[in-house]
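*Asks:* Please see the structure below; I have some questions.
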Amino acid sequence: MALSFEFLKNCKPCELLRVKIEDVAEFAILGANEGHGFQALVVLKESEPPFAINLLGSGHMDGDFDTYAALRYGKCEILPEHTERCEIGVGPLFTKAGSLVLSEDSKSLVVQSKVGRSVRHFDLTTGKLRGETGGSRAAFKAWSLWHDGLASLAPSARLIRYSGD
């Protein structure tokens, strides 16, 4: 997919975007519209854990999201750094903002709310925020964000590498 500009209200859930937040263009993944005035935008940075913004907190998208179009990257992949710390079944990484959690049927990022300190799991397939999952699972301290089509020779380009403290 070629890069393009589009306002958030016209973007699809789970798309990788670059959005204007204050004076910086940040990578973000658009969440699904979950109804009841809630749609998450998960902001990704190298230096701090991912956080979720409710785009519809006032009932509609406004502010910079209504003024400046986002740069659309399309599909992305978040992959665990297998050489970093990993926990299987239970452990503090399952509730630590910034962790990547793999389970039998999903892949999610543990994100914190932009307002408050609560953490939720952002499902990277559905774009929905949910509680912690049970069953067979593994949590990774570090992960990388990858995108096909940006690297000149390689099949994909790493855009962000997050490693919790």
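Identifiers for the structure tokens are assigned positionally: chains receive A, B, ... in sequence, residues are indexed from 1 per chain, and ligands are indexed from 1 in the order shown.
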Could you list, as a PyMOL selection string, every residue within 9 Å of Lys12 in chain A, counting only C-alpha atoms and ignoring same-chain residues fewer than 4 positions away?

*Replies:* chain A and resi 8+30-32+74

*Asks:* Identify, on the basis of only C-alpha atoms, every residue whose closest approach to Arg158 in chain A does not exceed 10 Å; exclude the query and any residue fewer than 5 positions from it along the same chain; express the result as a short mmCIF file (atom, residue, chain, number, x, y, z; two decimals) with N, CA and C atoms, in the first residue's frame.

*Replies:*
```cif
data_model
loop_
_atom_site.label_atom_id
_atom_site.label_comp_id
_atom_site.auth_asym_id
_atom_site.auth_seq_id
_atom_site.Cartn_x
_atom_site.Cartn_y
_atom_site.Cartn_z
N CYS A 76 0.27 -3.33 9.47
CA CYS A 76 1.56 -3.41 10.15
C CYS A 76 1.62 -4.72 10.93
N GLU A 77 2.78 -5.00 11.46
CA GLU A 77 2.97 -6.22 12.25
C GLU A 77 3.77 -5.84 13.50
N ILE A 78 3.32 -6.30 14.64
CA ILE A 78 4.07 -6.14 15.88
C ILE A 78 4.54 -7.52 16.29
N LEU A 79 5.86 -7.67 16.38
CA LEU A 79 6.46 -8.97 16.65
C LEU A 79 7.26 -8.92 17.95
N SER A 144 8.82 -5.19 18.40
CA SER A 144 9.14 -4.25 17.31
C SER A 144 7.94 -4.11 16.40
N LEU A 145 7.77 -2.90 15.89
CA LEU A 145 6.72 -2.58 14.92
C LEU A 145 7.33 -2.66 13.53
N TRP A 146 6.72 -3.45 12.65
CA TRP A 146 7.23 -3.66 11.30
C TRP A 146 6.18 -3.27 10.27
N HIS A 147 6.65 -2.83 9.11
CA HIS A 147 5.76 -2.47 8.01
C HIS A 147 6.37 -2.92 6.70
N ASP A 148 5.58 -3.60 5.88
CA ASP A 148 6.04 -4.00 4.55
C ASP A 148 6.03 -2.80 3.62
N LEU A 150 8.33 -0.31 3.07
CA LEU A 150 9.10 0.92 3.30
C LEU A 150 10.60 0.71 3.12
N ALA A 151 11.06 -0.52 3.27
CA ALA A 151 12.49 -0.79 3.12
C ALA A 151 12.81 -0.98 1.64
#
```

*Asks:* Could you check how far CA of Glu132 in chain A sits from CA of Glu15 in chain A, in Å to one decimal?

*Replies:*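 We find that CA of Glu132 in chain A and CA of Glu15 in chain A lie 22.7 Å from each other.
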
*Asks:* Let's see if you can do this: from backbone DSSP, list all alpha helix (DSSP H) residues in chain A, as a ChimeraX atom specification.

*Replies:* /A:64-67

*Asks:* Please produce a file of those selected residues containing N, CA and C atoms, as a short mmCIF file (atom, residue, chain, number, x, y, z; two decimals), in the first residue's frame.

*Replies:*
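New file part_6.cif:
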```cif
data_model
loop_
_atom_site.label_atom_id
_atom_site.label_comp_id
_atom_site.auth_asym_id
_atom_site.auth_seq_id
_atom_site.Cartn_x
_atom_site.Cartn_y
_atom_site.Cartn_z
N ASP A 64 -6.94 18.22 16.94
CA ASP A 64 -6.01 18.01 15.83
C ASP A 64 -6.45 16.90 14.90
N PHE A 65 -7.20 15.91 15.41
CA PHE A 65 -7.63 14.78 14.57
C PHE A 65 -8.64 15.22 13.53
N ASP A 66 -9.38 16.29 13.82
CA ASP A 66 -10.37 16.81 12.87
C ASP A 66 -9.74 17.88 11.96
N THR A 67 -8.59 18.41 12.37
CA THR A 67 -7.93 19.48 11.63
C THR A 67 -6.87 18.96 10.66
#
```

*Asks:* Enumerate, as a ChimeraX atom specification, the complete set of residues in range 1-152 of chain A that a backbone-based DSSP assignment places in strand (DSSP E).

*Replies:* /A:4-6,16-21,24-33,39-44,51-54,70-74,77-80,86-88,100-103,107-113,119-123,129-130,137-140,142-148

*Asks:* Counting only C-alpha atoms, which of A:Ala138, A:Glu81, A:Ile53, A:Leu16 gets nearest to Ser113 in chain A?

*Replies:*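 Result for the nearest residue to Ser113 in chain A: A:Ile53.
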
*Asks:* Kindly indicate which residue among A:Tyr162, A:Phe38, A:Phe27, A:Phe140 lies nearest to Gly89 in chain A, using only C-alpha atoms for the distances.

*Replies:*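 Nearest to Gly89 in chain A: A:Phe140.
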
*Asks:* With a distance cut-off of 10 Å and only C-alpha atoms, select the neighbouring residues of Pro92 in chain A, excluding the residue or stretch itself and same-chain residues fewer than 5 positions from it, and output the selection as a list in words.

*Replies:*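 With the cut-off at 10 Å, the set is Glu87, Ser99 and Ala139 of chain A.
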
*Asks:* Those residues with all heavy atoms, as an mmCIF file, in the first residue's frame please?

*Replies:*
```cif
data_model
loop_
_atom_site.group_PDB
_atom_site.id
_atom_site.type_symbol
_atom_site.label_atom_id
_atom_site.label_comp_id
_atom_site.auth_asym_id
_atom_site.auth_seq_id
_atom_site.Cartn_x
_atom_site.Cartn_y
_atom_site.Cartn_z
ATOM 1 N N GLU A 87 7.473 -14.233 29.835
ATOM 2 C CA GLU A 87 6.816 -14.984 30.902
ATOM 3 C C GLU A 87 5.713 -15.836 30.277
ATOM 4 O O GLU A 87 5.031 -15.401 29.346
ATOM 5 C CB GLU A 87 6.206 -14.038 31.934
ATOM 6 C CG GLU A 87 7.262 -13.226 32.660
ATOM 7 C CD GLU A 87 6.688 -12.126 33.530
ATOM 8 O OE1 GLU A 87 5.476 -11.851 33.467
ATOM 9 O OE2 GLU A 87 7.469 -11.527 34.269
ATOM 10 N N SER A 99 3.835 -4.372 27.430
ATOM 11 C CA SER A 99 4.073 -5.778 27.114
ATOM 12 C C SER A 99 3.248 -6.211 25.904
ATOM 13 O O SER A 99 2.166 -5.685 25.652
ATOM 14 C CB SER A 99 3.685 -6.667 28.304
ATOM 15 O OG SER A 99 4.474 -6.378 29.421
ATOM 16 N N ALA A 139 3.851 -13.492 27.633
ATOM 17 C CA ALA A 139 4.015 -12.043 27.619
ATOM 18 C C ALA A 139 5.478 -11.722 27.361
ATOM 19 O O ALA A 139 6.377 -12.348 27.938
ATOM 20 C CB ALA A 139 3.576 -11.433 28.944
#
```

*Asks:* Measure the distance from CA of Glu26 in chain A to CA of Ala70 in chain A in Å and round it to one decimal.

*Replies:*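 Straight-line distance from CA of Glu26 in chain A to CA of Ala70 in chain A works out to 9.8 Å.
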
*Asks:* With a distance cut-off of 7 Å and only C-alpha atoms, select the neighbouring residues of Val42 in chain A, excluding the residue or stretch itself and same-chain residues fewer than 6 positions from it, and output the selection as a VMD selection string.

*Replies:* chain A and resid 28 to 30 50 to 53

*Asks:* Just the residues within 12 Å of Asp165 in chain A, please, counting only C-alpha atoms, with nothing from its chain fewer than 6 positions along; format it as JSON, numbers by chain.

*Replies:* {"A": [46, 47, 48, 49, 84, 85, 93, 96, 97, 98, 99, 141, 142]}

*Asks:* Can I get the selection written as a PDB file, in the first residue's frame, with N, CA and C atoms?

*Replies:*
```pdb
ATOM      1  N   GLU A  46       8.849   4.767  21.144  1.00  0.00           N
ATOM      2  CA  GLU A  46       9.983   3.939  21.564  1.00  0.00           C
ATOM      3  C   GLU A  46      10.333   4.152  23.024  1.00  0.00           C
ATOM      4  N   SER A  47      10.065   5.333  23.549  1.00  0.00           N
ATOM      5  CA  SER A  47      10.571   5.700  24.868  1.00  0.00           C
ATOM      6  C   SER A  47       9.558   5.593  25.995  1.00  0.00           C
ATOM      7  N   GLU A  48       8.309   5.254  25.698  1.00  0.00           N
ATOM      8  CA  GLU A  48       7.314   5.086  26.752  1.00  0.00           C
ATOM      9  C   GLU A  48       6.278   4.062  26.329  1.00  0.00           C
ATOM     10  N   PRO A  49       5.584   3.469  27.297  1.00  0.00           N
ATOM     11  CA  PRO A  49       4.602   2.420  26.953  1.00  0.00           C
ATOM     12  C   PRO A  49       3.475   2.983  26.084  1.00  0.00           C
ATOM     13  N   GLU A  84      14.523 -11.156  24.470  1.00  0.00           N
ATOM     14  CA  GLU A  84      14.275 -10.379  25.691  1.00  0.00           C
ATOM     15  C   GLU A  84      13.441 -11.207  26.662  1.00  0.00           C
ATOM     16  N   ARG A  85      13.151 -10.645  27.818  1.00  0.00           N
ATOM     17  CA  ARG A  85      12.388 -11.328  28.870  1.00  0.00           C
ATOM     18  C   ARG A  85      11.010 -11.778  28.363  1.00  0.00           C
ATOM     19  N   LEU A  93       4.459  -9.209  33.707  1.00  0.00           N
ATOM     20  CA  LEU A  93       4.402  -8.643  32.353  1.00  0.00           C
ATOM     21  C   LEU A  93       2.986  -8.646  31.779  1.00  0.00           C
ATOM     22  N   LYS A  96       1.659  -5.287  32.750  1.00  0.00           N
ATOM     23  CA  LYS A  96       2.571  -4.140  32.633  1.00  0.00           C
ATOM     24  C   LYS A  96       2.373  -3.458  31.286  1.00  0.00           C
ATOM     25  N   ALA A  97       2.051  -2.166  31.324  1.00  0.00           N
ATOM     26  CA  ALA A  97       1.874  -1.407  30.084  1.00  0.00           C
ATOM     27  C   ALA A  97       3.132  -1.514  29.233  1.00  0.00           C
ATOM     28  N   GLY A  98       2.943  -1.829  27.970  1.00  0.00           N
ATOM     29  CA  GLY A  98       4.057  -1.974  27.044  1.00  0.00           C
ATOM     30  C   GLY A  98       4.341  -3.415  26.667  1.00  0.00           C
ATOM     31  N   SER A  99       3.835  -4.372  27.430  1.00  0.00           N
ATOM     32  CA  SER A  99       4.073  -5.778  27.114  1.00  0.00           C
ATOM     33  C   SER A  99       3.248  -6.211  25.904  1.00  0.00           C
ATOM     34  N   LYS A 141       8.486  -8.691  27.095  1.00  0.00           N
ATOM     35  CA  LYS A 141       8.866  -7.360  27.562  1.00  0.00           C
ATOM     36  C   LYS A 141       9.102  -6.415  26.391  1.00  0.00           C
ATOM     37  N   ALA A 142       9.649  -6.920  25.299  1.00  0.00           N
ATOM     38  CA  ALA A 142      10.048  -6.054  24.172  1.00  0.00           C
ATOM     39  C   ALA A 142       9.415  -6.546  22.880  1.00  0.00           C
TER      40      ALA A 142
END
```

*Asks:* Excluding range 103-108 of chain A and any residue of its chain fewer than 5 positions from it, enumerate the residues within 8 Å of it, using only C-alpha atoms, and give them as a PDB file with C-alpha atoms, in the first residue's frame.

*Replies:*
```
ATOM      1  CA  HIS A 121      -5.277  -5.292  26.411  1.00  0.00           C
ATOM      2  CA  PHE A 122      -5.555  -3.873  22.874  1.00  0.00           C
ATOM      3  CA  ASP A 123      -6.303  -6.746  20.498  1.00  0.00           C
ATOM      4  CA  LEU A 124      -4.167  -6.178  17.397  1.00  0.00           C
ATOM      5  CA  THR A 125      -6.527  -8.230  15.208  1.00  0.00           C
ATOM      6  CA  THR A 133      -7.118 -13.083  28.850  1.00  0.00           C
ATOM      7  CA  GLY A 135      -5.548 -19.801  29.054  1.00  0.00           C
ATOM      8  CA  SER A 136      -2.239 -20.559  27.379  1.00  0.00           C
ATOM      9  CA  ARG A 137      -0.338 -17.332  26.897  1.00  0.00           C
ATOM     10  CA  ALA A 138       3.061 -15.652  26.855  1.00  0.00           C
TER      11      ALA A 138
END
```
